[in-house]
file work00.cif (mmCIF, C-alpha atoms)
data_data
#
loop_
_atom_site.group_PDB
_atom_site.id
_atom_site.type_symbol
_atom_site.label_atom_id
_atom_site.label_comp_id
_atom_site.auth_asym_id
_atom_site.auth_seq_id
_atom_site.Cartn_x
_atom_site.Cartn_y
_atom_site.Cartn_z
ATOM 1 C CA MET L 1 45.682 30.151 94.392
ATOM 2 C CA VAL L 2 47.395 26.897 93.466
ATOM 3 C CA THR L 3 51.122 27.154 92.994
ATOM 4 C CA LYS L 4 53.401 24.607 91.376
ATOM 5 C CA GLU L 5 54.478 23.546 94.878
ATOM 6 C CA ASP L 6 50.834 23.107 95.983
ATOM 7 C CA ALA L 7 50.142 20.967 92.926
ATOM 8 C CA GLN L 8 53.246 18.873 93.648
ATOM 9 C CA ALA L 9 52.141 18.304 97.263
ATOM 10 C CA GLN L 10 48.634 17.326 96.152
ATOM 11 C CA ALA L 11 50.122 15.000 93.535
ATOM 12 C CA GLU L 12 52.185 13.223 96.166
ATOM 13 C CA ASP L 13 48.990 12.619 98.156
ATOM 14 C CA ILE L 14 46.999 11.493 95.109
ATOM 15 C CA VAL L 15 49.617 9.144 93.687
ATOM 16 C CA GLY L 16 49.252 6.809 96.658
ATOM 17 C CA SER L 17 45.595 6.157 95.900
ATOM 18 C CA LYS L 18 44.314 4.598 92.706
ATOM 19 C CA ASP L 19 40.832 5.951 93.450
ATOM 20 C CA SER L 20 42.129 9.495 93.951
ATOM 21 C CA ALA L 21 44.169 9.332 90.755
ATOM 22 C CA LEU L 22 41.248 8.063 88.708
ATOM 23 C CA SER L 23 39.021 10.710 90.306
ATOM 24 C CA LEU L 24 41.493 13.345 89.105
ATOM 25 C CA VAL L 25 41.329 11.853 85.596
ATOM 26 C CA GLU L 26 37.526 12.108 85.710
ATOM 27 C CA SER L 27 37.789 15.728 86.902
ATOM 28 C CA VAL L 28 40.083 16.593 83.994
ATOM 29 C CA MET L 29 37.764 14.879 81.528
ATOM 30 C CA GLY L 30 34.791 16.759 82.986
ATOM 31 C CA TYR L 31 36.696 20.038 82.825
ATOM 32 C CA LEU L 32 37.469 19.408 79.163
ATOM 33 C CA LYS L 33 33.746 19.041 78.361
ATOM 34 C CA ASP L 34 33.297 22.771 78.881
ATOM 35 C CA PRO L 35 33.291 24.304 75.362
ATOM 36 C CA ARG L 36 35.172 27.404 76.544
ATOM 37 C CA VAL L 37 37.886 25.278 78.122
ATOM 38 C CA ARG L 38 38.167 23.137 74.977
ATOM 39 C CA ARG L 39 38.462 26.256 72.821
ATOM 40 C CA GLU L 40 41.150 27.776 75.042
ATOM 41 C CA VAL L 41 43.243 24.597 75.320
ATOM 42 C CA ARG L 42 42.828 23.224 71.797
ATOM 43 C CA GLU L 43 46.557 23.671 71.170
ATOM 44 C CA PHE L 44 47.500 21.176 73.878
ATOM 45 C CA ILE L 45 44.383 19.041 74.316
ATOM 46 C CA SER L 46 46.009 16.001 72.677
ATOM 47 C CA ARG L 47 48.837 16.185 75.208
ATOM 48 C CA ILE L 48 46.338 16.206 78.058
ATOM 49 C CA GLY L 49 44.642 13.197 76.455
ATOM 50 C CA LEU L 50 47.975 11.381 76.353
ATOM 51 C CA MET L 51 48.556 12.159 80.039
ATOM 52 C CA ILE L 52 45.092 10.824 80.896
ATOM 53 C CA SER L 53 45.703 7.610 78.929
ATOM 54 C CA MET L 54 49.085 7.131 80.560
ATOM 55 C CA MET L 55 47.627 7.568 84.037
ATOM 56 C CA LYS L 56 44.730 5.223 83.330
ATOM 57 C CA ASP L 57 47.122 2.549 82.042
ATOM 58 C CA TYR L 58 49.438 3.027 85.002
ATOM 59 C CA PHE L 59 46.757 2.870 87.686
ATOM 60 C CA SER L 60 44.922 -0.016 86.018
ATOM 61 C CA GLY L 61 48.174 -1.978 86.010
ATOM 62 C CA HIS L 62 48.412 -2.206 82.221
ATOM 63 C CA TYR L 63 51.583 -0.132 81.974
ATOM 64 C CA THR L 64 53.727 0.097 85.084
ATOM 65 C CA LYS L 65 57.133 0.699 83.501
ATOM 66 C CA ILE L 66 56.753 4.435 83.823
ATOM 67 C CA PRO L 67 58.863 5.854 86.654
ATOM 68 C CA PHE L 68 57.030 6.900 89.795
ATOM 69 C CA ASN L 69 58.348 10.480 89.582
ATOM 70 C CA THR L 70 56.878 10.796 86.077
ATOM 71 C CA ILE L 71 53.448 9.798 87.376
ATOM 72 C CA VAL L 72 53.754 12.274 90.262
ATOM 73 C CA ALA L 73 54.700 15.028 87.810
ATOM 74 C CA ALA L 74 51.786 14.153 85.499
ATOM 75 C CA ILE L 75 49.382 14.289 88.428
ATOM 76 C CA ALA L 76 50.839 17.620 89.570
ATOM 77 C CA ALA L 77 50.422 19.073 86.073
ATOM 78 C CA LEU L 78 46.801 17.894 85.894
ATOM 79 C CA VAL L 79 46.022 19.182 89.404
ATOM 80 C CA TYR L 80 47.351 22.557 88.297
ATOM 81 C CA PHE L 81 45.337 22.366 85.070
ATOM 82 C CA VAL L 82 41.981 21.718 86.773
ATOM 83 C CA SER L 83 42.532 24.429 89.368
ATOM 84 C CA PRO L 84 40.620 27.476 88.106
ATOM 85 C CA VAL L 85 42.573 29.801 90.395
ATOM 86 C CA ASP L 86 46.274 29.480 89.658
ATOM 87 C CA VAL L 87 48.987 31.951 88.646
ATOM 88 C CA ILE L 88 46.816 33.274 85.798
ATOM 89 C CA PRO L 89 43.175 32.490 86.691
ATOM 90 C CA ASP L 90 41.488 30.393 84.008
ATOM 91 C CA PHE L 91 38.420 32.631 83.822
ATOM 92 C CA ILE L 92 40.486 35.391 82.156
ATOM 93 C CA PRO L 93 39.756 35.067 78.412
ATOM 94 C CA VAL L 94 42.623 34.139 76.095
ATOM 95 C CA VAL L 95 45.448 34.358 78.643
ATOM 96 C CA GLY L 96 43.843 32.335 81.444
ATOM 97 C CA PHE L 97 45.264 29.054 80.216
ATOM 98 C CA LEU L 98 48.767 30.243 79.274
ATOM 99 C CA ASP L 99 50.246 29.107 82.579
ATOM 100 C CA ASP L 100 48.436 25.765 82.290
ATOM 101 C CA ALA L 101 49.858 25.278 78.804
ATOM 102 C CA GLY L 102 53.306 26.110 80.156
ATOM 103 C CA ILE L 103 53.023 23.513 82.920
ATOM 104 C CA ILE L 104 51.886 20.855 80.417
ATOM 105 C CA ALA L 105 54.758 21.805 78.077
ATOM 106 C CA ILE L 106 57.293 21.606 80.905
ATOM 107 C CA PHE L 107 55.997 18.147 81.806
ATOM 108 C CA PHE L 108 56.413 16.933 78.210
ATOM 109 C CA MET L 109 59.892 18.425 77.887
ATOM 110 C CA SER L 110 61.049 17.065 81.236
ATOM 111 C CA PHE L 111 59.718 13.542 80.809
ATOM 112 C CA ASN L 112 60.013 13.150 77.048
ATOM 113 C CA ASN L 113 61.822 9.792 77.179
ATOM 114 C CA ASP L 114 59.216 8.256 79.486
ATOM 115 C CA ILE L 115 56.404 9.577 77.309
ATOM 116 C CA LYS L 116 58.024 8.238 74.133
ATOM 117 C CA ALA L 117 58.437 4.827 75.807
ATOM 118 C CA TYR L 118 54.755 4.848 76.743
ATOM 119 C CA GLU L 119 53.746 5.814 73.199
ATOM 120 C CA ALA L 120 55.906 2.988 71.819
ATOM 121 C CA TRP L 121 54.231 0.548 74.224
ATOM 122 C CA VAL L 122 50.787 1.746 73.110
ATOM 123 C CA SER L 123 51.783 1.277 69.458
ATOM 124 C CA ALA L 124 53.142 -2.199 70.128
ATOM 125 C CA GLU L 125 49.988 -3.169 72.020
ATOM 126 C CA GLY L 126 47.872 -1.929 69.131
ATOM 127 C CA GLU L 127 45.828 0.333 71.362
ATOM 128 C CA SER L 128 44.765 3.832 70.489
ATOM 129 C CA LEU L 129 45.563 6.803 72.725
#

call {"tool": "encode", "arguments": {"input": "work00.cif", "output": "C-alpha cells"}}
result
Amino acid sequence: MVTKEDAQAQAEDIVGSKDSALSLVESVMGYLKDPRVRREVREFISRIGLMISMMKDYFSGHYTKIPFNTIVAAIAALVYFVSPVDVIPDFIPVVGFLDDAGIIAIFFMSFNNDIKAYEAWVSAEGESL
C-alpha cells in the first residue's frame, strides 16, 4: 500500500530526473485512458490535466518559476494517484478514488498561488492547458 509518505519519498527521487518525471506523466496519461478510471475521476480530471501540463512545462524548461517544493508535491500526488493500492484501493467501485481525489484537492489548496501563477503564464503565452 502506498501512503502519503511513500509517495513523497518517491517524488523526491523522481524530481531529480527529467526522464523519471516525464515517465510518471506518461503513466498518468496511460492510466487515464482506462474508461473506468476516467468515469471515476471525471470530477477532478481537469485538475490532473493541469498538473500534467505544469510538470511538462517545468521539466521541458518552458516554465521554471514554479517552486521546487510545488513540483515535488505535484509528483507525490500523481504517484499516489497512479498507485492502484493506496489507502482506499482504486479497484473498489465508486469509493476507490475518493482518497486520490482528496490528495489532488489538498495539492490544489496548498499550492493555489503557484498554480494560479502558472495558469496566468499559460494565458500570457497563449498556450492551451

call {"tool": "closest_residue", "arguments": {"input": "work00.cif", "among": "L:Lys18, L:Ala124, L:Leu98, L:Lys4", "to": "Phe44 (chain L)", "atoms": "all atoms listed in the file"}}
result
L:Leu98

call {"tool": "residues_around", "arguments": {"input": "work00.cif", "residues": "Ile88 (chain L)", "least_positions_apart": "6", "cutoff": "12 Å", "atoms": "all atoms listed in the file", "output": "tab-separated table (two decimals) with C-alpha atoms, in the coordinates of the input"}}
result
chain	number	residue	atom	x	y	z
L	1	MET	CA	45.68	30.15	94.39
L	2	VAL	CA	47.40	26.90	93.47
L	3	THR	CA	51.12	27.15	92.99
L	80	TYR	CA	47.35	22.56	88.30
L	81	PHE	CA	45.34	22.37	85.07
L	94	VAL	CA	42.62	34.14	76.10
L	95	VAL	CA	45.45	34.36	78.64
L	96	GLY	CA	43.84	32.34	81.44
L	97	PHE	CA	45.26	29.05	80.22
L	98	LEU	CA	48.77	30.24	79.27
L	99	ASP	CA	50.25	29.11	82.58
L	100	ASP	CA	48.44	25.76	82.29
L	101	ALA	CA	49.86	25.28	78.80
L	102	GLY	CA	53.31	26.11	80.16
L	103	ILE	CA	53.02	23.51	82.92

call {"tool": "closest_residue", "arguments": {"input": "work00.cif", "among": "L:Val37, L:Ala21, L:Ile66, L:Ala76", "to": "Asn112 (chain L)", "atoms": "all atoms listed in the file"}}
result
L:Ile66

call {"tool": "residues_around", "arguments": {"input": "work00.cif", "residues": "Asp114 (chain L)", "least_positions_apart": "6", "cutoff": "10 Å", "atoms": "all atoms listed in the file", "output": "PyMOL selection string"}}
result
chain L and resi 65-67+70-71+108+120

call {"tool": "atom_distance", "arguments": {"input": "work00.cif", "atom1": "CA of Ala7 (chain L)", "atom2": "CA of Met55 (chain L)"}}
result
16.3 Å

call {"tool": "atom_distance", "arguments": {"input": "work00.cif", "atom1": "CA of Tyr58 (chain L)", "atom2": "CA of Tyr118 (chain L)"}}
result
10.0 Å

call {"tool": "atom_distance", "arguments": {"input": "work00.cif", "atom1": "CA of Glu119 (chain L)", "atom2": "CA of Leu50 (chain L)"}}
result
8.6 Å

call {"tool": "closest_residue", "arguments": {"input": "work00.cif", "among": "L:Ala105, L:Val87, L:Ala117, L:Ile92", "to": "Glu5 (chain L)", "atoms": "only C-alpha atoms"}}
result
L:Val87
